[in-house]
$ cat query29.cif   # mmCIF, C-alpha atoms
data_coords
loop_
_atom_site.group_PDB
_atom_site.id
_atom_site.type_symbol
_atom_site.label_atom_id
_atom_site.label_comp_id
_atom_site.auth_asym_id
_atom_site.auth_seq_id
_atom_site.Cartn_x
_atom_site.Cartn_y
_atom_site.Cartn_z
ATOM 1 C CA GLN A 15 3.193 14.326 14.349
ATOM 2 C CA VAL A 16 3.235 11.277 12.108
ATOM 3 C CA GLN A 17 0.933 11.357 9.120
ATOM 4 C CA LEU A 18 0.347 8.930 6.291
ATOM 5 C CA VAL A 19 -2.001 10.198 3.604
ATOM 6 C CA GLU A 20 -3.152 7.841 0.873
ATOM 7 C CA SER A 21 -4.712 8.756 -2.442
ATOM 8 C CA GLY A 22 -5.371 7.238 -5.842
ATOM 9 C CA GLY A 23 -8.185 4.821 -5.101
ATOM 10 C CA GLY A 24 -11.362 4.636 -7.139
ATOM 11 C CA LEU A 25 -13.575 2.533 -9.348
ATOM 12 C CA VAL A 26 -11.895 0.609 -12.140
ATOM 13 C CA GLN A 27 -12.982 -2.130 -14.535
ATOM 14 C CA PRO A 28 -11.473 -5.617 -14.337
ATOM 15 C CA GLY A 29 -8.146 -5.646 -16.127
ATOM 16 C CA GLY A 30 -7.552 -1.979 -15.422
ATOM 17 C CA SER A 31 -4.835 -0.230 -13.454
ATOM 18 C CA LEU A 32 -4.532 2.159 -10.546
ATOM 19 C CA ARG A 33 -1.621 3.726 -8.729
ATOM 20 C CA LEU A 34 -1.953 4.379 -5.038
ATOM 21 C CA THR A 35 0.171 7.055 -3.388
ATOM 22 C CA CYS A 36 1.074 7.450 0.278
ATOM 23 C CA VAL A 37 2.774 10.645 1.413
ATOM 24 C CA ALA A 38 4.422 10.418 4.820
ATOM 25 C CA SER A 39 5.535 13.041 7.281
ATOM 26 C CA GLY A 40 6.736 13.303 10.863
ATOM 27 C CA PHE A 41 9.309 10.518 10.877
ATOM 28 C CA PRO A 42 12.543 9.525 9.062
ATOM 29 C CA PHE A 43 10.897 7.949 6.049
ATOM 30 C CA SER A 44 14.018 6.399 4.539
ATOM 31 C CA SER A 45 14.547 4.336 7.706
ATOM 32 C CA ALA A 46 11.030 2.915 7.793
ATOM 33 C CA ILE A 47 9.676 -0.313 6.432
ATOM 34 C CA MET A 48 6.761 0.756 4.264
ATOM 35 C CA ASN A 49 3.908 -1.580 3.472
ATOM 36 C CA TRP A 50 0.530 -1.656 1.824
ATOM 37 C CA HIS A 51 -2.282 -3.612 3.437
ATOM 38 C CA ARG A 52 -5.878 -4.103 2.355
ATOM 39 C CA GLN A 53 -9.120 -5.065 3.990
ATOM 40 C CA ALA A 54 -12.194 -6.286 2.153
ATOM 41 C CA PRO A 55 -15.651 -6.259 3.768
ATOM 42 C CA GLY A 56 -16.027 -9.140 6.191
ATOM 43 C CA LYS A 57 -12.375 -10.127 5.903
ATOM 44 C CA GLU A 58 -9.264 -9.571 7.971
ATOM 45 C CA ARG A 59 -6.710 -6.986 6.951
ATOM 46 C CA GLU A 60 -3.956 -8.556 4.898
ATOM 47 C CA LEU A 61 -0.441 -7.502 4.011
ATOM 48 C CA VAL A 62 -0.159 -6.894 0.270
ATOM 49 C CA ALA A 63 3.335 -5.523 -0.344
ATOM 50 C CA ILE A 64 6.475 -4.661 1.607
ATOM 51 C CA SER A 65 9.324 -2.265 0.874
ATOM 52 C CA SER A 66 12.391 -2.374 3.098
ATOM 53 C CA ASP A 67 15.750 -0.993 1.933
ATOM 54 C CA ASP A 68 16.087 -2.576 -1.515
ATOM 55 C CA ILE A 69 13.849 -5.532 -0.735
ATOM 56 C CA THR A 70 10.273 -5.881 -1.883
ATOM 57 C CA ASP A 71 7.856 -8.726 -1.343
ATOM 58 C CA TYR A 72 4.244 -9.434 -2.168
ATOM 59 C CA THR A 73 1.408 -11.634 -1.105
ATOM 60 C CA HIS A 74 0.958 -14.469 -3.576
ATOM 61 C CA SER A 75 -2.336 -13.258 -5.002
ATOM 62 C CA VAL A 76 -0.834 -10.000 -6.322
ATOM 63 C CA GLN A 77 2.612 -11.188 -7.458
ATOM 64 C CA GLY A 78 3.292 -10.153 -11.025
ATOM 65 C CA ARG A 79 0.454 -7.621 -10.995
ATOM 66 C CA PHE A 80 1.318 -5.164 -8.207
ATOM 67 C CA THR A 81 4.532 -3.230 -7.701
ATOM 68 C CA ILE A 82 5.540 -1.301 -4.595
ATOM 69 C CA PHE A 83 8.131 1.415 -4.977
ATOM 70 C CA ARG A 84 9.222 4.404 -2.978
ATOM 71 C CA ASP A 85 10.808 7.785 -3.445
ATOM 72 C CA ASP A 86 12.648 8.562 -0.235
ATOM 73 C CA ALA A 87 13.386 12.106 -1.395
ATOM 74 C CA LYS A 88 9.632 12.739 -1.545
ATOM 75 C CA ASN A 89 8.710 10.675 1.534
ATOM 76 C CA THR A 90 6.333 8.775 -0.699
ATOM 77 C CA VAL A 91 5.522 5.137 -1.319
ATOM 78 C CA TYR A 92 3.450 3.920 -4.235
ATOM 79 C CA LEU A 93 1.518 0.815 -5.158
ATOM 80 C CA GLN A 94 1.119 0.273 -8.875
ATOM 81 C CA MET A 95 -1.735 -2.147 -9.461
ATOM 82 C CA ASN A 96 -2.207 -3.706 -12.893
ATOM 83 C CA SER A 97 -4.545 -6.372 -14.231
ATOM 84 C CA LEU A 98 -6.951 -5.658 -11.416
ATOM 85 C CA LYS A 99 -9.511 -8.277 -10.483
ATOM 86 C CA PRO A 100 -12.814 -7.999 -8.617
ATOM 87 C CA GLU A 101 -11.211 -9.800 -5.689
ATOM 88 C CA ASP A 102 -8.784 -6.882 -5.331
ATOM 89 C CA THR A 103 -11.697 -4.761 -4.146
ATOM 90 C CA ALA A 104 -10.823 -3.496 -0.673
ATOM 91 C CA LYS A 105 -9.762 -0.516 1.333
ATOM 92 C CA TYR A 106 -6.026 -0.112 0.974
ATOM 93 C CA TYR A 107 -3.918 1.179 3.845
ATOM 94 C CA CYS A 108 -0.419 2.561 3.944
ATOM 95 C CA HIS A 109 1.604 1.331 6.907
ATOM 96 C CA ALA A 110 4.970 2.354 8.314
ATOM 97 C CA PHE A 111 7.012 0.340 10.784
ATOM 98 C CA LEU A 112 9.883 2.098 12.492
ATOM 99 C CA ARG A 113 11.728 1.424 15.753
ATOM 100 C CA GLY A 114 9.066 -0.940 16.983
ATOM 101 C CA ARG A 115 6.136 1.343 16.273
ATOM 102 C CA ASP A 116 3.329 1.105 13.732
ATOM 103 C CA TYR A 117 1.774 3.989 11.877
ATOM 104 C CA TRP A 118 -1.299 3.789 9.643
ATOM 105 C CA GLY A 119 -2.988 5.941 7.080
ATOM 106 C CA GLN A 120 -6.735 6.412 6.827
ATOM 107 C CA GLY A 121 -7.065 4.187 3.777
ATOM 108 C CA THR A 122 -8.260 4.604 0.222
ATOM 109 C CA GLN A 123 -11.034 2.545 -1.374
ATOM 110 C CA VAL A 124 -10.372 0.479 -4.484
ATOM 111 C CA THR A 125 -13.351 -1.054 -6.243
ATOM 112 C CA VAL A 126 -12.912 -3.334 -9.242
ATOM 113 C CA SER A 127 -16.172 -3.866 -11.049
ATOM 114 C CA SER A 128 -17.693 -3.775 -14.497
#

$ encode --input "query29.cif" --output "structure tokens"
Amino acid sequence: QVQLVESGGGLVQPGGSLRLTCVASGFPFSSAIMNWHRQAPGKERELVAISSDDITDYTHSVQGRFTIFRDDAKNTVYLQMNSLKPEDTAKYYCHAFLRGRDYWGQGTQVTVSS
């Protein structure tokens, strides 16, 4: 059974940092493309960061502030978020893509507010 379990969300002030963690199980993690998506109220879900083999990529609005990295030995992918802005407020989802199939976590809420 595939599981993706996110943690690390919370309330943070503008300019602060958070690290999101996604622990995966039930599939060959090292072979999967691992992504972070987010969805703000009233908006469509958007792709934030991608990790595939040694390649990472980011949506423009988070470049230079967010870093995705993974530990294949721990079946875990992280999203380090620095210099957070109110517009980063959203529910963040871990996503795995493997052999044509998509797997999603339940999401973790990030709120950036003073």

$ resolve_selection --input "query29.cif" --expression "the PyMOL selection byres ((chain A and resi 88) around 12)" --output "MDAnalysis selection string"
chainID A and resid 35:39 42:44 83:87 89:92

$ closest_residue --input "query29.cif" --among "A:Gln15, A:Ser97, A:Gly40, A:His109" --to "A:Leu61" --atoms "all atoms listed in the file"
A:His109

$ residues_near_point --input "query29.cif" --point "(-4.3, 2.6, 2.2)" --cutoff "7 Å" --atoms "only C-alpha atoms" --output "list in words"
Glu20, Trp50, His51, Arg52, Lys105, Tyr106, Tyr107, Cys108, Gly119, Gln120, Gly121 and Thr122 of chain A

$ closest_residue --input "query29.cif" --among "A:Phe111, A:Ser128, A:Glu58, A:Ser21" --to "A:Ser45" --atoms "only C-alpha atoms"
A:Phe111

$ closest_residue --input "query29.cif" --among "A:Ala63, A:Leu32, A:Ser75, A:Ala46" --to "A:Gly114" --atoms "only C-alpha atoms"
A:Ala46

$ closest_residue --input "query29.cif" --among "A:Leu34, A:Leu112, A:Ile69, A:Ile64" --to "A:Gly22" --atoms "all atoms listed in the file"
A:Leu34

$ closest_residue --input "query29.cif" --among "A:Ser31, A:Glu101, A:Thr73, A:Gln17" --to "A:Asn49" --atoms "only C-alpha atoms"
A:Thr73

$ closest_residue --input "query29.cif" --among "A:Ile47, A:Ala104, A:Val19, A:Val124" --to "A:Ile82" --atoms "all atoms listed in the file"
A:Ile47

$ atom_distance --input "query29.cif" --atom1 "atom CA of A:Lys99" --atom2 "atom CA of A:Gln77"
12.8 Å

$ resolve_selection --input "query29.cif" --expression "the PyMOL selection byres ((chain A and resi 98) around 7)" --output "PDB file with C-alpha atoms, keeping the file's coordinate frame"
ATOM      1  CA  PRO A  28     -11.473  -5.617 -14.337  1.00  0.00           C
ATOM      2  CA  GLY A  29      -8.146  -5.646 -16.127  1.00  0.00           C
ATOM      3  CA  GLY A  30      -7.552  -1.979 -15.422  1.00  0.00           C
ATOM      4  CA  SER A  31      -4.835  -0.230 -13.454  1.00  0.00           C
ATOM      5  CA  MET A  95      -1.735  -2.147  -9.461  1.00  0.00           C
ATOM      6  CA  ASN A  96      -2.207  -3.706 -12.893  1.00  0.00           C
ATOM      7  CA  SER A  97      -4.545  -6.372 -14.231  1.00  0.00           C
ATOM      8  CA  LYS A  99      -9.511  -8.277 -10.483  1.00  0.00           C
ATOM      9  CA  PRO A 100     -12.814  -7.999  -8.617  1.00  0.00           C
ATOM     10  CA  ASP A 102      -8.784  -6.882  -5.331  1.00  0.00           C
ATOM     11  CA  VAL A 126     -12.912  -3.334  -9.242  1.00  0.00           C
TER      12      VAL A 126
END

$ atom_distance --input "query29.cif" --atom1 "atom CA of A:Leu25" --atom2 "atom CA of A:Gln123"
8.4 Å

$ atom_distance --input "query29.cif" --atom1 "atom CA of A:Gly56" --atom2 "atom CA of A:Thr70"
27.7 Å

$ build_atoms --input "query29.cif" --residues "stretch 108-126 of chain A" --atoms "N, CA and C atoms" --output "PDB file, in the coordinates of the input"
ATOM      1  N   CYS A 108      -1.865   2.382   3.862  1.00  0.00           N
ATOM      2  CA  CYS A 108      -0.419   2.561   3.944  1.00  0.00           C
ATOM      3  C   CYS A 108       0.016   2.342   5.389  1.00  0.00           C
ATOM      4  N   HIS A 109       1.125   1.665   5.566  1.00  0.00           N
ATOM      5  CA  HIS A 109       1.604   1.331   6.907  1.00  0.00           C
ATOM      6  C   HIS A 109       3.109   1.549   6.973  1.00  0.00           C
ATOM      7  N   ALA A 110       3.547   2.166   8.057  1.00  0.00           N
ATOM      8  CA  ALA A 110       4.970   2.354   8.314  1.00  0.00           C
ATOM      9  C   ALA A 110       5.345   1.655   9.606  1.00  0.00           C
ATOM     10  N   PHE A 111       6.493   0.980   9.573  1.00  0.00           N
ATOM     11  CA  PHE A 111       7.012   0.340  10.784  1.00  0.00           C
ATOM     12  C   PHE A 111       8.423   0.864  11.025  1.00  0.00           C
ATOM     13  N   LEU A 112       8.604   1.473  12.206  1.00  0.00           N
ATOM     14  CA  LEU A 112       9.883   2.098  12.492  1.00  0.00           C
ATOM     15  C   LEU A 112      10.154   2.029  13.978  1.00  0.00           C
ATOM     16  N   ARG A 113      11.272   1.483  14.350  1.00  0.00           N
ATOM     17  CA  ARG A 113      11.728   1.424  15.753  1.00  0.00           C
ATOM     18  C   ARG A 113      10.662   0.830  16.651  1.00  0.00           C
ATOM     19  N   GLY A 114      10.029  -0.237  16.177  1.00  0.00           N
ATOM     20  CA  GLY A 114       9.066  -0.940  16.983  1.00  0.00           C
ATOM     21  C   GLY A 114       7.677  -0.330  17.041  1.00  0.00           C
ATOM     22  N   ARG A 115       7.439   0.692  16.243  1.00  0.00           N
ATOM     23  CA  ARG A 115       6.136   1.343  16.273  1.00  0.00           C
ATOM     24  C   ARG A 115       5.474   1.250  14.901  1.00  0.00           C
ATOM     25  N   ASP A 116       4.142   1.186  14.942  1.00  0.00           N
ATOM     26  CA  ASP A 116       3.329   1.105  13.732  1.00  0.00           C
ATOM     27  C   ASP A 116       2.578   2.405  13.512  1.00  0.00           C
ATOM     28  N   TYR A 117       2.530   2.802  12.246  1.00  0.00           N
ATOM     29  CA  TYR A 117       1.774   3.989  11.877  1.00  0.00           C
ATOM     30  C   TYR A 117       0.900   3.633  10.673  1.00  0.00           C
ATOM     31  N   TRP A 118      -0.336   4.135  10.690  1.00  0.00           N
ATOM     32  CA  TRP A 118      -1.299   3.789   9.643  1.00  0.00           C
ATOM     33  C   TRP A 118      -1.910   5.037   9.022  1.00  0.00           C
ATOM     34  N   GLY A 119      -2.202   4.922   7.742  1.00  0.00           N
ATOM     35  CA  GLY A 119      -2.988   5.941   7.080  1.00  0.00           C
ATOM     36  C   GLY A 119      -4.468   5.664   7.253  1.00  0.00           C
ATOM     37  N   GLN A 120      -5.279   6.530   6.664  1.00  0.00           N
ATOM     38  CA  GLN A 120      -6.735   6.412   6.827  1.00  0.00           C
ATOM     39  C   GLN A 120      -7.349   5.470   5.799  1.00  0.00           C
ATOM     40  N   GLY A 121      -6.585   5.125   4.787  1.00  0.00           N
ATOM     41  CA  GLY A 121      -7.065   4.187   3.777  1.00  0.00           C
ATOM     42  C   GLY A 121      -7.673   4.868   2.567  1.00  0.00           C
ATOM     43  N   THR A 122      -7.627   4.141   1.450  1.00  0.00           N
ATOM     44  CA  THR A 122      -8.260   4.604   0.222  1.00  0.00           C
ATOM     45  C   THR A 122      -8.976   3.414  -0.409  1.00  0.00           C
ATOM     46  N   GLN A 123     -10.188   3.643  -0.872  1.00  0.00           N
ATOM     47  CA  GLN A 123     -11.034   2.545  -1.374  1.00  0.00           C
ATOM     48  C   GLN A 123     -10.705   2.247  -2.835  1.00  0.00           C
ATOM     49  N   VAL A 124     -10.538   0.962  -3.120  1.00  0.00           N
ATOM     50  CA  VAL A 124     -10.372   0.479  -4.484  1.00  0.00           C
ATOM     51  C   VAL A 124     -11.515  -0.481  -4.777  1.00  0.00           C
ATOM     52  N   THR A 125     -12.245  -0.195  -5.838  1.00  0.00           N
ATOM     53  CA  THR A 125     -13.351  -1.054  -6.243  1.00  0.00           C
ATOM     54  C   THR A 125     -13.140  -1.477  -7.690  1.00  0.00           C
ATOM     55  N   VAL A 126     -13.105  -2.788  -7.898  1.00  0.00           N
ATOM     56  CA  VAL A 126     -12.912  -3.334  -9.242  1.00  0.00           C
ATOM     57  C   VAL A 126     -14.217  -3.990  -9.663  1.00  0.00           C
TER      58      VAL A 126
END
